[in-house]
Structure formats: structure tokens, C-alpha cells
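Shown here: final13.txt, compact mmCIF, C-alpha atoms and all ligand atoms.
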```txt
# COMPACT_ATOMS: atom_id res chain seq x y z
CA MET N 1 0.00 0.00 0.00
CA ASN N 2 1.38 3.45 -0.88
CA ASP N 3 1.41 6.44 1.47
CA LEU N 4 -1.75 7.97 0.01
CA ASP N 5 -3.85 4.80 0.34
CA ARG N 6 -2.46 4.12 3.80
CA TYR N 7 -3.33 7.63 4.96
CA ILE N 8 -6.87 7.38 3.57
CA SER N 9 -7.55 3.98 5.14
CA GLU N 10 -6.10 5.03 8.52
CA ASN N 11 -8.35 8.09 8.55
CA ALA N 12 -11.46 6.53 7.06
CA ASP N 13 -13.38 6.34 10.35
CA ARG N 14 -12.62 9.91 11.34
CA TYR N 15 -13.48 11.18 7.85
CA THR N 16 -16.75 9.24 7.87
CA GLU N 17 -17.64 10.81 11.22
CA GLU N 18 -16.96 14.25 9.74
CA LEU N 19 -19.28 13.51 6.86
CA ARG N 20 -22.02 12.52 9.31
CA GLU N 21 -21.49 15.71 11.29
CA LEU N 22 -21.77 17.99 8.26
CA CYS N 23 -24.81 16.13 6.88
CA ALA N 24 -26.59 16.37 10.24
CA ILE N 25 -26.88 20.15 9.76
CA PRO N 26 -30.25 20.79 8.04
CA SER N 27 -28.96 23.59 5.81
CA GLU N 28 -32.10 24.15 3.74
CA ALA N 29 -32.85 27.59 2.30
CA THR N 30 -35.64 28.12 4.83
CA ASP N 31 -33.34 27.69 7.86
CA PRO N 32 -30.88 30.63 8.10
CA ALA N 33 -29.48 29.44 11.46
CA ALA N 34 -28.60 26.04 9.96
CA LEU N 35 -27.04 27.72 6.92
CA ASP N 36 -24.90 29.76 9.32
CA ARG N 37 -23.86 26.62 11.19
CA ALA N 38 -22.95 24.87 7.94
CA ALA N 39 -20.86 27.85 6.80
CA ALA N 40 -19.07 27.99 10.17
CA TRP N 41 -18.49 24.21 10.02
CA CYS N 42 -16.86 24.51 6.58
CA MET N 43 -14.66 27.41 7.72
CA GLU N 44 -13.52 25.46 10.78
CA ARG N 45 -12.83 22.33 8.71
CA MET N 46 -10.85 24.29 6.11
CA ARG N 47 -8.75 25.84 8.91
CA GLY N 48 -8.14 22.32 10.22
CA ALA N 49 -6.70 21.44 6.81
CA GLY N 50 -4.36 24.42 6.95
CA CYS N 51 -6.39 26.89 4.87
CA ALA N 52 -6.43 30.61 5.48
CA THR N 53 -10.14 31.38 5.69
CA ARG N 54 -12.48 34.32 5.53
CA GLU N 55 -16.16 34.82 5.31
CA VAL N 56 -17.66 37.11 2.67
CA ARG N 57 -20.99 38.49 3.81
CA ILE N 58 -23.76 40.75 2.63
CA ALA N 59 -26.97 41.40 4.54
CA ASP N 60 -29.59 38.61 4.56
CA VAL N 61 -27.55 36.29 2.37
CA PRO N 62 -25.86 33.04 3.50
CA ALA N 63 -22.10 33.59 3.86
CA LEU N 64 -19.60 32.70 1.18
CA ALA N 65 -16.95 30.59 2.94
CA VAL N 66 -13.52 31.17 1.39
CA GLY N 67 -10.42 29.11 2.11
CA GLU N 68 -6.97 29.19 0.52
CA VAL N 69 -4.01 26.88 0.77
CA GLY N 70 -0.88 25.94 -1.16
CA ALA N 71 1.31 27.83 -3.61
CA GLY N 72 2.36 27.30 -7.20
CA ARG N 73 2.11 28.37 -10.80
CA ARG N 74 -1.57 27.44 -11.11
CA THR N 75 -4.62 28.39 -9.10
CA LEU N 76 -7.55 26.00 -8.87
CA ILE N 77 -10.88 27.38 -7.66
CA ALA N 78 -13.16 24.81 -6.01
CA VAL N 79 -16.70 26.14 -6.44
CA GLN N 80 -18.89 24.34 -3.89
CA HIS N 81 -22.02 24.78 -1.81
CA TYR N 82 -23.15 23.82 1.70
CA ASP N 83 -26.90 24.37 1.22
CA VAL N 84 -29.14 21.43 0.36
CA GLN N 85 -32.46 20.78 -1.37
CA PRO N 86 -35.52 20.46 0.92
CA ALA N 87 -35.78 16.96 2.39
CA VAL N 88 -39.58 16.71 1.94
CA PRO N 89 -41.48 14.40 1.46
CA LEU N 90 -40.08 13.04 4.73
CA GLU N 91 -42.26 9.89 4.76
CA LEU N 92 -40.36 8.51 1.75
CA TRP N 93 -37.04 8.43 3.64
CA LYS N 94 -35.98 5.05 5.07
CA SER N 95 -33.96 6.89 7.74
CA PRO N 96 -34.40 10.55 8.75
CA PRO N 97 -32.65 12.90 6.26
CA TYR N 98 -30.62 14.69 8.93
CA GLU N 99 -29.64 11.58 10.91
CA PRO N 100 -27.01 10.22 8.52
CA ALA N 101 -27.10 6.43 8.44
CA VAL N 102 -24.70 3.92 6.89
CA ARG N 103 -26.38 0.85 5.34
CA ASP N 104 -24.76 -1.68 3.01
CA GLY N 105 -21.69 0.44 2.46
CA ALA N 106 -23.61 3.63 1.59
CA MET N 107 -24.31 6.72 3.66
CA TYR N 108 -27.85 8.10 3.46
CA ALA N 109 -28.57 11.76 4.25
CA ARG N 110 -29.92 14.87 2.54
CA GLY N 111 -27.00 16.58 0.81
CA VAL N 112 -24.51 13.74 1.24
CA SER N 113 -23.96 13.58 -2.54
CA ASP N 114 -25.10 17.09 -3.53
CA ASN N 115 -22.84 18.55 -2.39
CA LYS N 116 -21.57 17.96 1.16
CA GLY N 117 -19.72 14.70 0.48
CA HIS N 118 -18.03 16.23 -2.52
CA LEU N 119 -17.07 19.45 -0.77
CA LEU N 120 -15.77 17.63 2.31
CA LEU N 121 -13.61 15.13 0.43
CA ARG N 122 -12.05 18.05 -1.45
CA ILE N 123 -10.95 19.48 1.90
CA GLN N 124 -9.86 16.11 3.31
CA ALA N 125 -7.84 15.56 0.12
CA ILE N 126 -5.59 18.49 1.14
CA GLU N 127 -4.56 16.53 4.24
CA ALA N 128 -4.18 13.30 2.28
CA HIS N 129 -1.98 15.10 -0.23
CA ARG N 130 0.13 16.61 2.53
CA ALA N 131 0.65 13.22 4.20
CA ALA N 132 1.63 11.48 0.95
CA TYR N 133 3.37 14.18 -1.09
CA GLY N 134 3.82 17.30 1.05
CA GLU N 135 2.34 20.76 0.57
CA LEU N 136 0.11 21.51 -2.41
CA PRO N 137 2.10 22.58 -5.50
CA ILE N 138 -0.85 24.69 -6.63
CA ARG N 139 -2.88 27.43 -5.02
CA LEU N 140 -6.27 25.99 -4.12
CA ARG N 141 -9.13 28.35 -3.32
CA PHE N 142 -12.50 27.20 -2.02
CA LEU N 143 -15.58 29.29 -2.72
CA ILE N 144 -18.36 27.59 -0.76
CA GLU N 145 -21.72 29.30 -1.12
CA GLY N 146 -25.06 28.74 0.60
CA GLU N 147 -27.58 29.54 -2.13
CA GLU N 148 -26.70 27.14 -4.94
CA GLU N 149 -29.92 25.15 -4.74
CA GLY N 150 -31.84 28.41 -5.05
CA GLY N 151 -30.00 29.48 -8.19
CA SER N 152 -27.01 31.28 -6.60
CA VAL N 153 -29.02 34.50 -6.87
CA ASP N 154 -26.61 36.59 -4.78
CA LEU N 155 -23.30 34.98 -5.74
CA HIS N 156 -22.44 37.76 -8.20
CA ARG N 157 -22.81 40.33 -5.39
CA LEU N 158 -20.64 38.25 -3.05
CA LEU N 159 -17.96 37.87 -5.73
CA GLU N 160 -18.04 41.60 -6.52
CA LYS N 161 -16.80 42.27 -2.99
CA ASP N 162 -13.42 40.89 -4.04
CA PRO N 163 -12.64 40.45 -7.75
CA GLY N 164 -9.52 38.47 -6.73
CA LEU N 165 -11.75 35.57 -5.73
CA THR N 166 -12.23 34.52 -9.36
CA ASP N 167 -8.59 35.01 -10.27
CA GLY N 168 -7.33 31.59 -11.29
CA ASP N 169 -6.62 29.07 -14.03
CA GLY N 170 -9.28 26.44 -13.60
CA ALA N 171 -12.42 25.68 -11.62
CA LEU N 172 -13.36 22.41 -9.95
CA LYS N 173 -17.14 22.21 -10.04
CA GLU N 174 -19.43 20.77 -7.40
CA GLY N 175 -20.44 17.15 -7.68
CA GLY N 176 -19.26 14.74 -10.33
CA SER N 177 -20.43 11.30 -11.28
CA ILE N 178 -19.62 7.79 -12.37
CA ASP N 179 -21.77 5.92 -14.86
CA PRO N 180 -23.41 2.49 -14.33
CA GLN N 181 -20.27 0.81 -15.78
CA GLY N 182 -18.13 2.55 -13.14
CA ARG N 183 -16.59 5.01 -15.60
CA PRO N 184 -15.93 8.44 -14.12
CA SER N 185 -17.46 11.28 -16.09
CA ILE N 186 -15.61 14.60 -16.33
CA SER N 187 -17.92 17.46 -17.22
CA CYS N 188 -16.43 20.67 -18.64
CA GLY N 189 -19.41 22.94 -18.11
CA ASN N 190 -23.11 23.12 -17.43
CA LYS N 191 -26.37 24.37 -18.85
CA GLY N 192 -27.94 27.56 -17.57
CA ILE N 193 -31.52 28.11 -16.49
CA LEU N 194 -34.45 30.48 -16.81
CA TYR N 195 -37.16 29.64 -14.31
CA VAL N 196 -40.51 31.38 -14.59
CA GLN N 197 -44.00 31.00 -13.19
CA LEU N 198 -46.93 31.72 -15.46
CA HIS N 199 -50.29 32.83 -14.12
CA VAL N 200 -53.57 33.64 -15.79
CA ARG N 201 -56.93 34.76 -14.38
CA THR N 202 -60.03 34.58 -16.56
CA LEU N 203 -62.81 35.15 -14.01
CA ALA N 204 -63.23 37.20 -10.83
CA LEU N 205 -64.11 33.95 -9.05
CA ASP N 206 -64.52 30.22 -9.73
CA ALA N 207 -67.85 29.43 -11.39
CA HIS N 208 -70.40 26.58 -11.63
CA SER N 209 -69.51 24.58 -14.74
CA ALA N 210 -73.04 25.02 -16.02
CA GLY N 211 -71.57 28.27 -17.28
CA ALA N 212 -68.93 26.53 -19.40
CA THR N 213 -70.89 27.55 -22.51
CA HIS N 214 -69.87 31.18 -22.04
CA LEU N 215 -67.46 31.65 -19.09
CA PRO N 216 -63.73 31.56 -19.92
CA ASN N 217 -61.81 28.76 -18.22
CA ALA N 218 -58.32 29.64 -16.93
CA ALA N 219 -57.00 26.08 -17.37
CA TRP N 220 -57.94 26.07 -21.08
CA ARG N 221 -56.50 29.54 -21.46
CA LEU N 222 -53.14 28.60 -19.97
CA SER N 223 -53.00 25.28 -21.85
CA ALA N 224 -53.51 27.16 -25.11
CA ALA N 225 -50.67 29.55 -24.25
CA LEU N 226 -48.37 26.63 -23.35
CA ALA N 227 -49.16 24.87 -26.62
CA THR N 228 -47.58 27.77 -28.54
CA LEU N 229 -44.19 27.37 -26.83
CA VAL N 230 -42.78 24.14 -28.27
CA ASP N 231 -43.29 22.09 -31.43
CA GLU N 232 -43.63 18.31 -31.48
CA ARG N 233 -39.86 17.93 -31.98
CA GLY N 234 -39.01 19.90 -28.84
CA ARG N 235 -37.98 22.99 -30.82
CA ILE N 236 -38.78 26.12 -28.80
CA LEU N 237 -40.99 28.45 -30.85
CA VAL N 238 -40.24 31.70 -29.04
CA ASP N 239 -38.92 34.09 -31.69
CA GLY N 240 -35.19 34.73 -31.28
CA PHE N 241 -34.79 31.99 -28.67
CA TYR N 242 -31.82 30.42 -30.49
CA ASP N 243 -30.20 33.64 -31.74
CA ASP N 244 -27.40 33.72 -29.15
CA VAL N 245 -26.67 29.99 -29.08
CA THR N 246 -22.97 29.31 -29.68
CA PRO N 247 -22.78 27.01 -32.72
CA VAL N 248 -21.43 23.53 -32.03
CA SER N 249 -19.05 22.27 -34.70
CA ALA N 250 -19.58 18.95 -36.47
CA GLU N 251 -16.36 17.77 -34.86
CA GLU N 252 -17.59 18.63 -31.36
CA ARG N 253 -20.83 16.77 -32.07
CA GLU N 254 -19.01 13.71 -33.32
CA ARG N 255 -16.65 13.70 -30.36
CA HIS N 256 -19.60 13.81 -27.99
CA ALA N 257 -21.64 11.23 -29.90
CA ALA N 258 -18.66 8.87 -29.76
CA GLN N 259 -18.67 8.90 -25.94
CA PRO N 260 -20.58 6.10 -24.21
CA TRP N 261 -24.12 7.00 -23.16
CA GLU N 262 -26.39 4.81 -21.04
CA ALA N 263 -29.49 4.92 -23.24
CA ASP N 264 -30.70 1.45 -22.18
CA GLU N 265 -30.18 2.21 -18.51
CA ILE N 266 -32.16 5.45 -18.82
CA ARG N 267 -35.05 3.65 -20.56
CA ARG N 268 -35.00 0.90 -17.96
CA VAL N 269 -34.96 3.25 -14.93
CA TYR N 270 -37.83 5.41 -16.27
CA GLY N 271 -39.80 2.56 -17.82
CA ILE N 272 -39.99 4.09 -21.30
CA ASP N 273 -39.66 2.61 -24.79
CA ARG N 274 -38.63 5.76 -26.58
CA PHE N 275 -37.26 9.17 -25.84
CA ALA N 276 -39.29 12.36 -25.88
CA TRP N 277 -39.74 14.62 -28.92
CA GLY N 278 -39.19 11.73 -31.32
CA ARG N 279 -35.46 11.78 -30.60
CA ASP N 280 -33.51 8.65 -31.37
CA GLU N 281 -30.61 7.58 -29.18
CA ARG N 282 -27.99 9.69 -30.92
CA GLU N 283 -30.23 12.77 -31.05
CA ALA N 284 -31.12 12.40 -27.38
CA HIS N 285 -27.47 12.05 -26.44
CA LEU N 286 -26.47 15.15 -28.41
CA ALA N 287 -29.44 17.15 -27.11
CA SER N 288 -28.53 16.36 -23.50
CA ALA N 289 -25.37 18.41 -24.01
CA PHE N 290 -26.20 20.90 -26.74
CA GLU N 291 -29.94 21.66 -26.84
CA PRO N 292 -31.86 24.08 -24.64
CA THR N 293 -35.16 22.83 -23.19
CA CYS N 294 -38.58 24.15 -22.22
CA ASN N 295 -39.84 21.98 -19.36
CA ILE N 296 -43.16 22.21 -17.55
CA ALA N 297 -42.09 21.63 -13.95
CA GLY N 298 -45.56 22.06 -12.44
CA LEU N 299 -49.08 22.83 -13.63
CA TRP N 300 -52.18 23.44 -11.53
CA SER N 301 -55.67 24.84 -11.73
CA GLY N 302 -59.19 24.10 -10.57
CA TYR N 303 -60.26 21.10 -8.53
CA THR N 304 -57.78 18.24 -8.13
CA GLY N 305 -59.20 16.41 -5.08
CA SER N 306 -61.09 13.11 -4.96
CA LYS N 307 -64.58 12.50 -6.36
CA THR N 308 -66.03 15.39 -8.35
CA LYS N 309 -66.45 19.11 -8.27
CA THR N 310 -67.90 20.67 -11.38
CA VAL N 311 -66.16 24.00 -11.47
CA ILE N 312 -64.70 26.48 -13.94
CA PRO N 313 -61.32 27.52 -12.54
CA SER N 314 -60.76 31.28 -12.46
CA GLU N 315 -56.98 30.91 -12.24
CA ALA N 316 -54.27 28.64 -13.63
CA PHE N 317 -50.57 28.40 -12.84
CA CYS N 318 -47.52 26.83 -14.38
CA LYS N 319 -43.84 26.62 -13.47
CA ILE N 320 -41.44 26.34 -16.40
CA ASP N 321 -37.71 25.80 -16.43
CA PHE N 322 -35.79 26.45 -19.59
CA ARG N 323 -32.31 24.86 -19.54
CA LEU N 324 -30.00 27.10 -21.51
CA VAL N 325 -26.79 26.66 -23.48
CA PRO N 326 -23.91 29.08 -24.11
CA GLU N 327 -24.35 32.13 -24.72
CA GLN N 328 -28.06 32.46 -24.05
CA ASP N 329 -28.94 35.14 -21.52
CA PRO N 330 -31.90 34.37 -19.23
CA ASP N 331 -32.92 38.04 -18.90
CA THR N 332 -33.05 38.48 -22.68
CA LEU N 333 -35.04 35.25 -23.06
CA ALA N 334 -37.57 36.32 -20.42
CA GLY N 335 -38.18 39.42 -22.56
CA LEU N 336 -38.57 37.27 -25.68
CA LEU N 337 -41.06 35.05 -23.86
CA ARG N 338 -43.14 38.12 -22.92
CA ALA N 339 -43.10 39.31 -26.54
CA HIS N 340 -44.06 35.82 -27.74
CA LEU N 341 -47.10 35.58 -25.45
CA ASP N 342 -48.22 39.10 -26.41
CA ARG N 343 -47.85 38.38 -30.12
CA HIS N 344 -49.95 35.23 -29.77
CA GLY N 345 -52.72 37.12 -28.00
CA PHE N 346 -51.80 35.99 -24.49
CA GLY N 347 -51.10 39.41 -23.00
CA ASP N 348 -53.16 38.35 -19.97
CA VAL N 349 -50.75 35.53 -19.08
CA GLU N 350 -48.42 36.99 -16.44
CA ILE N 351 -44.78 35.94 -16.14
CA ASP N 352 -43.01 35.91 -12.79
CA TYR N 353 -39.26 35.69 -13.27
CA VAL N 354 -38.03 33.34 -10.55
CA GLU N 355 -34.42 32.57 -11.39
CA GLY N 356 -31.86 32.93 -14.15
CA GLU N 357 -28.34 31.57 -14.57
CA ARG N 358 -26.15 31.44 -17.63
CA ALA N 359 -24.59 28.31 -19.09
CA TYR N 360 -20.84 27.77 -19.25
CA ARG N 361 -18.76 25.43 -21.37
CA GLY N 362 -14.99 25.29 -20.87
CA ARG N 363 -12.48 23.74 -23.25
CA THR N 364 -12.38 19.95 -23.27
CA ASP N 365 -8.60 20.06 -23.92
CA ASP N 366 -7.84 22.27 -20.91
CA PRO N 367 -4.96 21.14 -18.63
CA LEU N 368 -7.44 20.79 -15.75
CA VAL N 369 -9.53 18.36 -17.81
CA ARG N 370 -6.43 16.39 -18.77
CA ALA N 371 -5.38 16.16 -15.14
CA CYS N 372 -8.85 15.05 -14.01
CA VAL N 373 -9.00 12.39 -16.72
CA ALA N 374 -5.65 10.99 -15.61
CA VAL N 375 -6.41 10.82 -11.89
CA ALA N 376 -10.01 9.64 -12.29
CA THR N 377 -9.04 6.87 -14.70
CA GLU N 378 -6.42 5.71 -12.22
CA ALA N 379 -8.58 5.93 -9.07
CA PHE N 380 -11.72 4.32 -10.55
CA GLY N 381 -9.86 1.79 -12.70
CA ALA N 382 -11.98 2.66 -15.76
CA PRO N 383 -11.44 5.13 -18.59
CA ALA N 384 -12.86 8.57 -17.81
CA ILE N 385 -15.51 10.02 -20.13
CA VAL N 386 -15.24 13.71 -21.03
CA ILE N 387 -18.50 15.55 -21.69
CA PRO N 388 -18.60 19.16 -22.95
CA ASN N 389 -21.17 20.14 -20.34
CA ASN N 390 -23.70 18.39 -18.20
CA ALA N 391 -27.42 18.99 -18.51
CA GLY N 392 -27.90 20.54 -15.06
CA THR N 393 -27.04 24.02 -13.79
CA SER N 394 -24.23 25.34 -11.59
CA PRO N 395 -23.05 28.92 -11.14
CA MET N 396 -19.86 28.32 -13.13
CA TRP N 397 -20.38 31.16 -15.62
CA LEU N 398 -20.08 33.72 -12.82
CA VAL N 399 -16.74 32.35 -11.71
CA SER N 400 -15.34 31.30 -15.08
CA HIS N 401 -16.45 33.52 -17.95
CA ALA N 402 -14.15 36.53 -17.48
CA LYS N 403 -10.95 34.47 -17.70
CA ARG N 404 -12.45 31.57 -19.70
CA LEU N 405 -11.40 29.13 -16.96
CA GLY N 406 -11.20 25.43 -17.63
CA ASN N 407 -13.97 23.58 -15.79
CA ALA N 408 -14.13 20.01 -14.58
CA THR N 409 -16.03 17.73 -12.25
CA LEU N 410 -14.24 14.98 -10.37
CA GLY N 411 -16.68 13.15 -8.17
CA MET N 412 -18.52 10.04 -7.13
CA GLY N 413 -22.27 10.55 -7.66
CA HIS N 414 -23.81 7.31 -8.96
CA VAL N 415 -27.00 6.59 -10.88
CA GLY N 416 -28.90 5.69 -7.70
CA ALA N 417 -27.55 8.63 -5.64
CA ALA N 418 -31.03 10.21 -5.47
CA ALA N 419 -29.75 13.78 -5.41
CA HIS N 420 -32.70 16.17 -4.85
CA ALA N 421 -34.85 13.09 -3.96
CA PRO N 422 -35.57 10.99 -0.85
CA ASN N 423 -32.84 8.57 0.35
CA GLU N 424 -29.96 10.53 -1.15
CA ASN N 425 -26.78 8.53 -0.68
CA VAL N 426 -23.14 7.97 -1.55
CA ILE N 427 -21.39 4.63 -1.81
CA MET N 428 -18.47 4.91 0.60
CA ALA N 429 -16.11 2.87 -1.60
CA ASN N 430 -16.63 5.55 -4.26
CA TYR N 431 -16.07 8.27 -1.68
CA TRP N 432 -12.59 6.92 -0.97
CA ARG N 433 -11.82 6.60 -4.68
CA ALA N 434 -12.88 10.18 -5.30
CA LEU N 435 -10.86 11.37 -2.31
CA ARG N 436 -7.83 9.54 -3.68
CA ALA N 437 -8.36 11.01 -7.16
CA THR N 438 -8.70 14.52 -5.76
CA ALA N 439 -5.53 14.29 -3.66
CA ARG N 440 -3.72 13.15 -6.79
CA LEU N 441 -5.28 15.99 -8.80
CA TYR N 442 -3.68 18.62 -6.57
CA SER N 443 -0.23 17.41 -7.77
CA GLU N 444 -1.23 16.42 -11.28
CA TYR N 445 -2.73 19.83 -12.10
CA ALA N 446 0.62 21.47 -11.37
CA ARG N 447 2.20 19.31 -14.08
CA ALA N 448 -0.57 18.89 -16.68
ZN ZN K 501 -25.44 20.86 -6.01
```
Let me see the structure of the file written as C-alpha cells.
Ligand SMILES: [Zn+2]
Amino acid sequence: MNDLDRYISENADRYTEELRELCAIPSEATDPAALDRAAAWCMERMRGAGCATREVRIADVPALAVGEVGAGRRTLIAVQHYDVQPAVPLELWKSPPYEPAVRDGAMYARGVSDNKGHLLLRIQAIEAHRAAYGELPIRLRFLIEGEEEGGSVDLHRLLEKDPGLTDGDGALKEGGSIDPQGRPSISCGNKGILYVQLHVRTLALDAHSAGATHLPNAAWRLSAALATLVDERGRILVDGFYDDVTPVSAEERERHAAQPWEADEIRRVYGIDRFAWGRDEREAHLASAFEPTCNIAGLWSGYTGSKTKTVIPSEAFCKIDFRLVPEQDPDTLAGLLRAHLDRHGFGDVEIDYVEGERAYRGRTDDPLVRACVAVATEAFGAPAIVIPNNAGTSPMWLVSHAKRLGNATLGMGHVGAAAHAPNENVIMANYWRALRATARLYSEYARA
């Protein structure tokens, strides 16, 4: 056994206890005291690993926990978060979400995969590196925010307090995953998001459905508006929606299409025969990286209880998330959506802008990506897959766009990790592999 593996196995119990401790803090957006405790916990833990720390604060916003350690030619920025998704519905959890439990080699707790396990092992890896190889040959800076699950709405204001925070060469994103074959997946960017809520009122009050001959129904009204947004192939019909999309070259498409993709596994898990929008396997694979989406996340109106109620709903509501690709701007798109609804005669459908984040796609041949591929392939014993960007959203544009930083994930999330869902978990064997890979990365990135 080499020094790195010995150090990790000798400290496995202590490190597991730390993971339990962090995951026991219920740092949901609705609990400012818990967010404060989680921020303080991260600061303390970073100090324990030899980081110089400081807290960046603005009023009524969870603190940005900053830690810095090491010295060298390159600076790596680890962009992480200590907030978690709500744990509800609680009754679907096999053990309480904030009483971390280890069963069959996996730890179950809200946030253990997204993103507390990942952020903690990135701190522990500093100590593992020090024990095996000495001080870090790079400068490593942690930016750990507390609003990621709510769209990082104040991160730009926190970062403006010190422009030096985004000074660097590459950014290590939150999370990271391995596919069902055990191959680590290195993602070089992420999609953005525009989240809106639509609302329409057609009547001053709900009405007896005897009046359906002449009283306007809000549910029909909203459905008609929604039907104008997307065609049957998933193409978004809002005028100008694709104008700012960075073209993807044929070569980039081919490179991505040549990567393995778990089409069968996806169909099996979701119990479907075919993909949406008439997309075949190749089209679905390409779209997951390169196409924006218009997704109805929630839709409600009228009576939805048991038995019957014959009613004409006066109001209807819908939540929509658009996943965006480089260089679409959510604010611009919200304006285009307004213009689209007006032009189609739906001036009465109100749009509430809930959240907007831009997409970011770094270079797939960046030194950081090369280094992550090398260490992940070694630690997981399977060839790493490089994807241009994943289909979810992280605040990487804010940190990366000015200096066009390389981006990469290096993590351990697995297909059954249940991030954002009940019984979120990490497989501890993967945790140790990811910790090993990350400790190795801190040296490898200096050389790559
Ligand atoms: Zn996350």
C-alpha cells in the first residue's frame, strides 16, 4: 500500500464521522441558522486542513466561505455549496434525512452527494496530499456558497466584494459522477436556467360549470398559451430563442456522440420505450449536451381532489424551467417570452421571473480536464468520459467567464444517488476513490 492509500484507510473512520457531522446540519434555504452553522463548520474544517479562511458576507444572504491553501504556478478554484435541497417528502425516507445512516456500504442523508460529500472530500484531500506528497504545488481556493440550490441568486454580489476571488486558471465544479459501468465522467461545463412561473386569471371567481358555454376557463387559457411554446420535436418556438446559441461544430458533435451513453439504462430506470420529442438515441445524447429545453415543472388549476367538483377555474398556474446553453442570456429570453405571449394574443398571461443563470462550457482540452481524466481513470480503474457540459445548472459562468477558466467535475455521484430526492446517498467505496483522485489531482494539475 502506498502512502496515500495508507493515509486514507487510517483516517477513514474519522473522515466518515466528519461527513455525518456535516450532513446532520439541516442547511435548507428556509433555515438561516442552519445555513450559518454549515458555513461555520466549513470554515472550521478548512482551517483544520491548513487553509487561510475568511467569510464574505452581505446582509440577509448566506455567507460565502472562502479558504486558501498551497502555492504554485496554477490556481484552482473549487466552487462548492453547503446548502441542500428540501428533504420533503419526509415519509419517503428510510432513515431521517438529517440523521445520517450507513447501510450496506452507503451513507444516506440529505445533501450527502449534492454537495456535502463532494465538498468535504475536497478538503480532506488536502490533508491526504500533505501526508503522501507534502504541501500543495498549486494554489487551491475554495468558494463555498449557501444559495446554490436556489439558483445562486446573490453569488455575483458576493464575488463583486473581491474580484480576486475569481482570479485563477481552472475551476473544480461541485459534484461529479460515475456511470453504471463505473466510468468516471468529467464534465467541462453546465447548462444555464431560466425559471418562470406563469399565471392567468379569466374570471373574478370560480364558477359553476353550467356556465362553461360562455365563461372563460383559466386552465384552457393557460394550456392554449403553453401549446404555442414548443413544437412536437421539442424545438422552442419563441422568436429569437436560439439567436445567441454558440454554434457547435460537427467535430464537437461527433466527439460527444462517440462517448458512451447509457441509453438502455435510462429507458429501464424510467420505464420508457422511446425518448421524448421523437429523438432517437444519438439525437437524445447530443441534445442532452447541446440543446436548450422548455420543461413544464408544475401545472395546476381548478379542482384536483377526490370525487367530483364541477367547477370552472378562475386561475391557472404553471412553473417552467428552460435549460440554456452558451451564450443564451436568461434576462433576454424572459423578454422574448413576454413578446411571444403578447404576439400570440396571451397578454393576460403573467410571467413571474423566478431565477436565471447562464450556461458555461470550458475547453475539453484544458490542462485541468487532462489532469482530471488521468487521476479519475487511475482511481476508478476505468477510462474517464469527457463531456462538454452536463445537462444541469451550476453557477460556473459567474466564476469562469471573465478568464475563460477550464472547468471540470471529479466526483462520485452514482445513478442511484437520489440527489434532490428521498434517500440521497453515496457509496463509501466511491467516496474513498474520489478522495484519492482529488488528492492526486492537486499534484497532477501542477504538471498537466
Ligand atoms: Zn449541487
### Task
Might you pull out every residue within 12 Å of Pro89 (chain N), with only C-alpha atoms counted and same-chain residues fewer than 6 positions away left off, and present them as a count of residues only?
7
### Query
For the atom pair CA of Glu145 (chain N) and CA of His81 (chain N), what is the interatomic distance in Å to one decimal place?
4.6 Å
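Remark: for ligand ZN 501 (chain K), the closest of the candidate residues N:Glu281, N:Asp331, N:Asp366, N:Asp83 is N:Asp83 (distances computed over only C-alpha atoms and all ligand atoms).
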#### Entry: At most 8 Å from ligand ZN 501 (chain K) (only C-alpha atoms and all ligand atoms): residue list as a VMD selection string
chain N and resid 80 to 81 84 114 to 115 148 to 149 174 to 175 394
#### Entry: Top pick for closest residue to Trp397 (chain N), considering N:Val248, N:His285, N:Thr310, N:Ser152 and counting all atoms listed in the file
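Comparing N:Val248, N:His285, N:Thr310, N:Ser152 against Trp397 (chain N), the winner is N:Ser152.
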### Task
Give the answer as one residue: which of N:Pro62, N:Arg361, N:His340, N:Asp36 has the shortest atom-to-atom distance to Leu155 (chain N), using all atoms listed in the file?
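Under the stated criterion, the closest residue is N:Pro62.
For the set N:Ala287, N:Ala446, N:Lys307, N:Asp167, the residue with the smallest atom-to-atom gap to Arg404 (chain N) is N:Asp167, counting only C-alpha atoms.
If you count all atoms listed in the file and ignore residues fewer than 5 places along the chain from Met412 (chain N), what sits within 6 Å of it is N:Gly176, N:Ser177, N:Ile178, N:Asn430, N:Ala434.
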Output of the above residues as a PDB file, keeping the file's coordinate frame, restricted to C-alpha atoms:
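File again07.pdb, as written:
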```pdb
ATOM      1  CA  GLY N 176     -19.260  14.740 -10.330  1.00  0.00           C
ATOM      2  CA  SER N 177     -20.430  11.300 -11.280  1.00  0.00           C
ATOM      3  CA  ILE N 178     -19.620   7.790 -12.370  1.00  0.00           C
ATOM      4  CA  ASN N 430     -16.630   5.550  -4.260  1.00  0.00           C
ATOM      5  CA  ALA N 434     -12.880  10.180  -5.300  1.00  0.00           C
TER       6      ALA N 434
END
```
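Of the listed residues N:Lys403, N:Lys191, N:Arg343, N:Arg139, the one whose atoms come nearest to Val245 (chain N) is N:Lys191, with distances taken using all atoms listed in the file.
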### Option closest in space to Leu237 (chain N), from N:Gly362, N:Gly278, N:Pro86, N:Pro292 [counting all atoms listed in the file]
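Of N:Gly362, N:Gly278, N:Pro86, N:Pro292, the one nearest Leu237 (chain N) is N:Pro292, counting all atoms listed in the file.
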### Task
Would you list the residues near (-10.6, 12.0, -13.5) (no more than 7 Å away, in the coordinates of the file, using only C-alpha atoms) as an MDAnalysis selection string?
chainID N and resid 184 186 371:377 384 410 437
### Task
To one decimal in Å, tell me the separation between CA of Val112 (chain N) and CA of Glu91 (chain N).
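Atom-to-atom, CA of Val112 (chain N) to CA of Glu91 (chain N), that is 18.5 Å.
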